[in-house]
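**Q** Okay, handing you the structure first.
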Number of protein chains: 2
Amino acid sequence: MIPREAVAVPEDDLARTVLNLVWERRAVSRAEIARGTGRSRSTISEVVGRLLVTGLVAEVGAGESRGGRRPILVGFQDDAGVILGVDVGATHISAILTDLRGRVLAWRERAHPVRTDPKGAAALIAGLGEACLAEWNGEQSRLMGIGVAVPSPVDPGSPDRVLERVLPAWRGHGVLDRLNRVFGVPVFVDNDANLGAVAERWWGEAVGIDDFVYLKVATGVGAGIMIGGEIYRGSTGVAGEIGHVAIDPGGPECVCGNRGCLATFVGTRQLVDRARSLLDGYPDSALVGTELGIRAIEDAALADDPLALQVVNEAAVRLGIVVAGVLNLLNPGSVILGGSLARVGDRLVKPLREAVATRTLVASAGASDIRTSDLGERAVALGAATHVLVAALANPQLFPGVKSA
Amino acid sequence: MIPREAVAVPEDDLARTVLNLVWERRAVSRAEIARGTGRSRSTISEVVGRLLVTGLVAEVGAGESRGGRRPILVGFQDDAGVILGVDVGATHISAILTDLRGRVLAWRERAHPVRTDPKGAAALIAGLGEACLAEWNGEQSRLMGIGVAVPSPVDPGSPDRVLERVLPAWRGHGVLDRLNRVFGVPVFVDNDANLGAVAERWWGEAVGIDDFVYLKVATGVGAGIMIGGEIYRGSTGVAGEIGHVAIDPGGPECVCGNRGCLATFVGTRQLVDRARSLLDGYPDSALVGTELGIRAIEDAALADDPLALQVVNEAAVRLGIVVAGVLNLLNPGSVILGGSLARVGDRLVKPLREAVATRTLVASAGASDIRTSDLGERAVALGAATHVLVAALANPQLFPGVKSA
DNA sequence: ACACTTTGTTCGGCGACCGAACAAAGTCTG
DNA sequence: CAGACTTTGTTCGGTCGCCGAACAAAGTGT
């Protein structure tokens with residue numbers, strides 16, 4: 001529709017600043033932009049003029065008068081581009097298509113043994129992505145980029161686009177290159193917990209919070225650490241890999257070789273095993289005689305089944321030990337619980353808070369509230385897509401139709 | 001000597017960049033600066049010209065030819081200003097005077113009951129500062145600013161210059177205002193562990209490391225967290241206050257109300273108490289019959305006294321539990337042990353490393369080496385002074401003789 | 001109806017920065 | 001050892017981003 005052919009908005013610092021301001025404020029007048037950026041109205045007028053032809057912003061009517069002529073509102077065009085987010089989990093793969101405001105345009109999920117069949121996973125990712133685009137039914141050329149979440153650390157030096165040495169079994173399979181070829185857009189990768197944190201920071205419980213920790217409790221346990229509004233990856237990219245924090249010196253041996261790691265107590269497999277071993281003590285539990293699965297346990301907990309609650313409780317206490325350490329060390333503004341276990345809500349958070357209270361200073365514990373995510377199972381895929389949006393807002397060349405001069 | 005009267009170098013971005021480059025490279029040609037900053041030689045020539053008249057940089061001879069005319073080296077003048085750093089400890093106050101390269105020009109220390117006598121402390125700080133300046137015997141007008149380390153969290157929103165509500169007993173005593181009035185220069189404040197980390201990052205074991213944790217073990221235990229080369233303070237300023245991490249659910253009760261806090265095991269008081277209770281088991285120890293003090297224990301440990309080594313060992317294991325958590329969570333490039341206990345060196349680090357090894361993933365533990373500081377007892381005061389240097393390099397207006405146009 | 005505000009545009013001008021040109025002072029080659 | 005080539009640092013005219021003043025348009029209040 002709109003002729004969008006490599007319009008010139010180079011690495012223009014001011015144009016980027018204005019674009020970000022318009023995104024944040026959704027619709028804002030040129031005069032307001034001038035005040036917000038400290039530039040003159042004449043300069044802003046010129047910059048906005050260049051942004052208008054990219055289609056990323058548009059004049060969207062008049063605003064309220066502030067005692068004089070009514071301002072022309074310049075609004076960010078959320079539908080100027082779409083982003084694909086992919087969540088590669090241990091057992092499932094899901095894909096999400098969003099606009100530039102994080103709205104979900106399409107979603108697809110499929111179970112897949114990711115670790116043992118990387119080749120099939122690559123094909124499945126492409127397929128789910130195609131399916132999302134087909135469901136959306138828009139022009140494919142508006143696809144800006146693809147974000148991929150992997151259940152594994154990433155290289156902190158070059159977390160972008162590259163990276164094959166993530167999943168050991170995936171080495172050399174060129175999954176990302178393939179995605180790039182199939183869809184013809186840049187591909188970004190990061191750790192799943194990190195991207196869950198991104199989703200919370202932009203659309204969830206952590207909006208406006210610069211320092212917080214996102215705890216993903218699903219197949220495994222991992223933390224995404226946001227510091228100063230940016231993902232913190234550590235010196236070698238394994239920051240937040242808290243599955244192997246030792247919380248019980250006399251605990252069971254872990255695959256990592258140590259004893260009593262958090263991962264020996266919390267995680268899909270561990271909770272199911274624990275529930276099974278408790279079955280005899282809870283003959284009235286709804287879980288007796290069923291095929292035990294994590295989903296069933298979570299559902300049972302939501303229905304206040306005593307066995308399920310006991311399992312959740314124990315997990316909460318174990319998590320609480322680690323969360324207490326996090327609070328004392330990092331003093332985050334918030335701790336957000338995500339992953340499937342977050343579905344049980346207060347049944348997880350309440351005992352966790354209690355465990356934390358006995359292990360932290362009032363000053364640090366009081367400052368950060370602990371809550372569950374409400375983004376649901378799509379959180380990580382949404383975060384993956386958002387990661388691309390963040391990259392584009394920092395470097396508008398990634399937006400469709402915006403090219404350097 | 002040099003007429004230095006408010007020469008014009010405003011918030012000039014380029015001038016600041018050039019100044020920082022010259023500081024880093026110590027002496028560098030204009031052409032080299034042009035290459036390093038990406039500006040043209042003509043532009044750099046003009047900027048350097050303005051910097052020369054401030055006295056912060058000077059032409060310091062010719063460099064090696066690279067196949068053509070020999071370059072004129074522009075060198076940073078380390079003695080263009082001096083900075084006062086003050087370490088307000090729990091039992092001692094010390095002051096240090098440094099040049100702009102962290103060289104110690106003078107040092108003074110005195111025991112003082114800081115918590116119970118804030119008024120006297122304020123006078124003592126001023127006195128020690130005056131004494132340092134007198135020993136140095138230079139023009140007082142070259143004093144750029146004062147950095148103060150306090151054994152208490154600071155407000156993350158405004159860690160600069162202000163802040164009285166730090167030490168409860170110090171409230172409203174206007175110590176900083178008084179310093180400002182007496183010396184007529186800006187005063188900056190921060191937490192002691194944070195400033196210890198700053199010292200390590202600029203002059204110690206962490207030079208070139210962006211993400212690391214500094215652990216100060218002295219009267220109490222505290223951590224300074226450096227992330228991306230900047231001090232991380234947390235959402236309410238208590239990040240790094242790890243004294244009350246619970247490491248032993250069955251441990252002794254702590255003043256904070258919880259049980260088994262790190263602070264109940266490690267710290268001057270705790271180590272001395274522990275040594276006393278072990279005396280009976282070590283009749284051959286050199287510490288038997290002496291007046292037990294932390295310094296004596298440290299000295300004994302350095303002489304391989306078995307009792308002292310046992311005390312250090314136990315502390316190392318306790319610290320190791322917390323360090324392991326830090327490594328798993330933050331994956332820092334390094335963990336640096338400071339404070340008086342760091343004096344014992346490998347006798348602390350070796351058992352600590354062992355304790356850490358059984359509690360961390362190979363991936364994170366292997367990446368970050370754990371070592372002791374070699375900055376000694378002056379580390380924190382040095383860091384306080386360095387904090388002012390950092391502020392000045394970010395905002396050259398703070399340098400003497402540099403004013404806005 | 002009038003004075004006053006606010007918005008958005010036009011236009012002349014300032015200043016930061018660049019590139020070309022040049023002199024000075026080196027190195028390298030035959 | 002002379003001549004060709006390099007590199008440095010300066011000078012100088014030109015470009016470009018941004019500003020401020022001025023203005024028309026479109027509001028608000030009395």
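Convention: chains lettered A, B, ... in structure tokens order; per-chain residue numbering from 1; ligands numbered from 1 as shown.
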Would you give me, as an MDAnalysis selection string, the residues of chain A that come within 8 Å of chain D, using only C-alpha atoms (C1' of nucleotides)?

**A** chainID A and resid 40 43 65 67:70

**Q** Output the contact residues of chain B with respect to chain A at a cut-off of 9 Å, based on only C-alpha atoms, as a PyMOL selection string.

**A** chain B and resi 209-212+223+225+227-228+232-247+249+256-261+321-322+324-334+357-364+367-368

**Q** What's the 10 Å shell around A:Val272, counting only C-alpha atoms (C1' of nucleotides), without same-chain residues fewer than 3 positions away, as a list in words?

**A**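 Neighbouring residues, sequence-local ones excluded: Val266, Gly267, Thr268, Arg269, Ala275, Arg276, Ser277, Leu278, Leu292, Gly293, Ile294, Arg295, Ala296, Ile297, Ala308 and Val311 of chain A.
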
**Q** Could you write those residues out with all heavy atoms, as an mmCIF file, in the first residue's frame?

**A**
```cif
data_model
loop_
_atom_site.group_PDB
_atom_site.id
_atom_site.type_symbol
_atom_site.label_atom_id
_atom_site.label_comp_id
_atom_site.auth_asym_id
_atom_site.auth_seq_id
_atom_site.Cartn_x
_atom_site.Cartn_y
_atom_site.Cartn_z
ATOM 1 N N VAL A 266 13.619 -29.355 42.526
ATOM 2 C CA VAL A 266 12.617 -28.599 41.782
ATOM 3 C C VAL A 266 12.790 -28.794 40.280
ATOM 4 O O VAL A 266 13.914 -28.765 39.776
ATOM 5 C CB VAL A 266 12.711 -27.096 42.127
ATOM 6 C CG1 VAL A 266 11.645 -26.314 41.368
ATOM 7 C CG2 VAL A 266 12.555 -26.885 43.629
ATOM 8 N N GLY A 267 11.680 -28.976 39.603
ATOM 9 C CA GLY A 267 11.691 -29.232 38.161
ATOM 10 C C GLY A 267 10.599 -30.264 37.878
ATOM 11 O O GLY A 267 10.153 -30.976 38.780
ATOM 12 N N THR A 268 10.152 -30.320 36.642
ATOM 13 C CA THR A 268 9.058 -31.217 36.283
ATOM 14 C C THR A 268 9.296 -32.641 36.792
ATOM 15 O O THR A 268 8.496 -33.188 37.552
ATOM 16 C CB THR A 268 8.925 -31.257 34.749
ATOM 17 O OG1 THR A 268 8.546 -29.961 34.296
ATOM 18 C CG2 THR A 268 7.865 -32.262 34.330
ATOM 19 N N ARG A 269 10.404 -33.204 36.402
ATOM 20 C CA ARG A 269 10.727 -34.570 36.766
ATOM 21 C C ARG A 269 10.748 -34.761 38.286
ATOM 22 O O ARG A 269 10.169 -35.703 38.831
ATOM 23 C CB ARG A 269 12.105 -34.891 36.170
ATOM 24 C CG ARG A 269 12.710 -36.215 36.589
ATOM 25 C CD ARG A 269 12.056 -37.327 35.815
ATOM 26 N NE ARG A 269 12.699 -38.607 36.116
ATOM 27 C CZ ARG A 269 13.662 -39.123 35.367
ATOM 28 N NH1 ARG A 269 14.112 -38.463 34.320
ATOM 29 N NH2 ARG A 269 14.165 -40.314 35.678
ATOM 30 N N ALA A 275 5.866 -36.510 44.045
ATOM 31 C CA ALA A 275 4.442 -36.801 44.205
ATOM 32 C C ALA A 275 4.227 -38.309 44.258
ATOM 33 O O ALA A 275 3.479 -38.819 45.098
ATOM 34 C CB ALA A 275 3.650 -36.185 43.054
ATOM 35 N N ARG A 276 4.911 -39.018 43.396
ATOM 36 C CA ARG A 276 4.748 -40.480 43.364
ATOM 37 C C ARG A 276 5.161 -41.090 44.698
ATOM 38 O O ARG A 276 4.451 -41.937 45.252
ATOM 39 C CB ARG A 276 5.584 -41.059 42.227
ATOM 40 C CG ARG A 276 5.418 -42.567 42.062
ATOM 41 C CD ARG A 276 6.070 -43.077 40.790
ATOM 42 N NE ARG A 276 5.458 -42.537 39.594
ATOM 43 C CZ ARG A 276 6.094 -41.826 38.676
ATOM 44 N NH1 ARG A 276 7.379 -41.554 38.835
ATOM 45 N NH2 ARG A 276 5.466 -41.375 37.621
ATOM 46 N N SER A 277 6.256 -40.603 45.235
ATOM 47 C CA SER A 277 6.746 -41.201 46.480
ATOM 48 C C SER A 277 5.861 -40.842 47.671
ATOM 49 O O SER A 277 5.924 -41.474 48.721
ATOM 50 C CB SER A 277 8.185 -40.760 46.751
ATOM 51 O OG SER A 277 8.195 -39.414 47.180
ATOM 52 N N LEU A 278 5.036 -39.831 47.496
ATOM 53 C CA LEU A 278 4.143 -39.437 48.592
ATOM 54 C C LEU A 278 2.757 -40.070 48.467
ATOM 55 O O LEU A 278 1.930 -39.945 49.375
ATOM 56 C CB LEU A 278 3.993 -37.901 48.626
ATOM 57 C CG LEU A 278 5.175 -37.089 49.149
ATOM 58 C CD1 LEU A 278 4.906 -35.599 48.992
ATOM 59 C CD2 LEU A 278 5.467 -37.420 50.613
ATOM 60 N N LEU A 292 0.651 -39.833 36.626
ATOM 61 C CA LEU A 292 1.176 -38.591 37.198
ATOM 62 C C LEU A 292 1.908 -37.753 36.146
ATOM 63 O O LEU A 292 2.777 -38.250 35.441
ATOM 64 C CB LEU A 292 2.142 -38.911 38.332
ATOM 65 C CG LEU A 292 1.496 -39.141 39.708
ATOM 66 C CD1 LEU A 292 2.576 -39.503 40.714
ATOM 67 C CD2 LEU A 292 0.752 -37.893 40.145
ATOM 68 N N GLY A 293 1.547 -36.485 36.086
ATOM 69 C CA GLY A 293 2.255 -35.554 35.218
ATOM 70 C C GLY A 293 2.277 -34.208 35.899
ATOM 71 O O GLY A 293 1.475 -33.955 36.817
ATOM 72 N N ILE A 294 3.155 -33.331 35.462
ATOM 73 C CA ILE A 294 3.284 -32.052 36.140
ATOM 74 C C ILE A 294 2.013 -31.233 36.007
ATOM 75 O O ILE A 294 1.583 -30.549 36.938
ATOM 76 C CB ILE A 294 4.505 -31.265 35.602
ATOM 77 C CG1 ILE A 294 4.742 -30.015 36.447
ATOM 78 C CG2 ILE A 294 4.315 -30.881 34.135
ATOM 79 C CD1 ILE A 294 5.124 -30.299 37.878
ATOM 80 N N ARG A 295 1.379 -31.349 34.843
ATOM 81 C CA ARG A 295 0.165 -30.604 34.611
ATOM 82 C C ARG A 295 -0.935 -31.052 35.578
ATOM 83 O O ARG A 295 -1.651 -30.238 36.164
ATOM 84 C CB ARG A 295 -0.299 -30.818 33.165
ATOM 85 C CG ARG A 295 -1.323 -29.823 32.731
ATOM 86 C CD ARG A 295 -1.364 -29.673 31.204
ATOM 87 N NE ARG A 295 -2.124 -28.482 30.884
ATOM 88 C CZ ARG A 295 -1.591 -27.331 30.557
ATOM 89 N NH1 ARG A 295 -0.277 -27.218 30.496
ATOM 90 N NH2 ARG A 295 -2.358 -26.288 30.300
ATOM 91 N N ALA A 296 -1.032 -32.362 35.760
ATOM 92 C CA ALA A 296 -2.026 -32.914 36.674
ATOM 93 C C ALA A 296 -1.758 -32.447 38.099
ATOM 94 O O ALA A 296 -2.683 -32.095 38.841
ATOM 95 C CB ALA A 296 -2.006 -34.438 36.607
ATOM 96 N N ILE A 297 -0.487 -32.411 38.459
ATOM 97 C CA ILE A 297 -0.149 -31.980 39.819
ATOM 98 C C ILE A 297 -0.513 -30.512 40.013
ATOM 99 O O ILE A 297 -1.096 -30.125 41.034
ATOM 100 C CB ILE A 297 1.362 -32.197 40.089
ATOM 101 C CG1 ILE A 297 1.674 -33.701 40.069
ATOM 102 C CG2 ILE A 297 1.764 -31.574 41.406
ATOM 103 C CD1 ILE A 297 3.153 -34.025 40.172
ATOM 104 N N ALA A 308 -0.850 -32.644 46.233
ATOM 105 C CA ALA A 308 -0.281 -31.664 45.323
ATOM 106 C C ALA A 308 0.221 -30.441 46.093
ATOM 107 O O ALA A 308 1.299 -29.898 45.808
ATOM 108 C CB ALA A 308 -1.308 -31.246 44.276
ATOM 109 N N VAL A 311 3.523 -31.164 47.661
ATOM 110 C CA VAL A 311 4.616 -31.126 46.685
ATOM 111 C C VAL A 311 4.988 -29.679 46.360
ATOM 112 O O VAL A 311 6.165 -29.309 46.336
ATOM 113 C CB VAL A 311 4.212 -31.876 45.397
ATOM 114 C CG1 VAL A 311 5.242 -31.657 44.296
ATOM 115 C CG2 VAL A 311 4.051 -33.364 45.684
#
```

**Q** Tell me as a PDB file with C-alpha atoms (C1' of nucleotides), in the first residue's frame which residues belonging to chain C come within 10 Å of chain B, counting only C-alpha atoms (C1' of nucleotides).

**A**
```pdb
ATOM      1  C1'  DA C  16      31.022  21.398  15.237  1.00  0.00           C
ATOM      2  C1'  DC C  17      33.195  18.698  12.266  1.00  0.00           C
ATOM      3  C1'  DC C  18      35.221  17.266   7.825  1.00  0.00           C
ATOM      4  C1'  DG C  19      38.373  16.957   3.793  1.00  0.00           C
ATOM      5  C1'  DA C  24      57.655  19.870   8.579  1.00  0.00           C
ATOM      6  C1'  DA C  25      59.952  15.917   9.847  1.00  0.00           C
ATOM      7  C1'  DG C  26      60.599  11.458   9.533  1.00  0.00           C
ATOM      8  C1'  DT C  27      61.771   6.436   6.884  1.00  0.00           C
ATOM      9  C1'  DC C  28      62.934   3.575   3.045  1.00  0.00           C
TER      10       DC C  28
END
```

**Q** Quick one: DSSP alpha helix (DSSP H) residues in stretch 77-319 of chain B, as a PyMOL selection string?

**A** chain B and resi 118-136+175-183+192-203+268-278+294-302+306-319

**Q** So which residues of stretch 35-271 of chain B fall under strand (DSSP E or B) by DSSP, listed as number ranges by chain?

**A** B: 57-62, 72-76, 82-88, 92-98, 104-111, 143-150, 187-191, 212-217, 221-227, 230-232, 246, 253, 259, 261
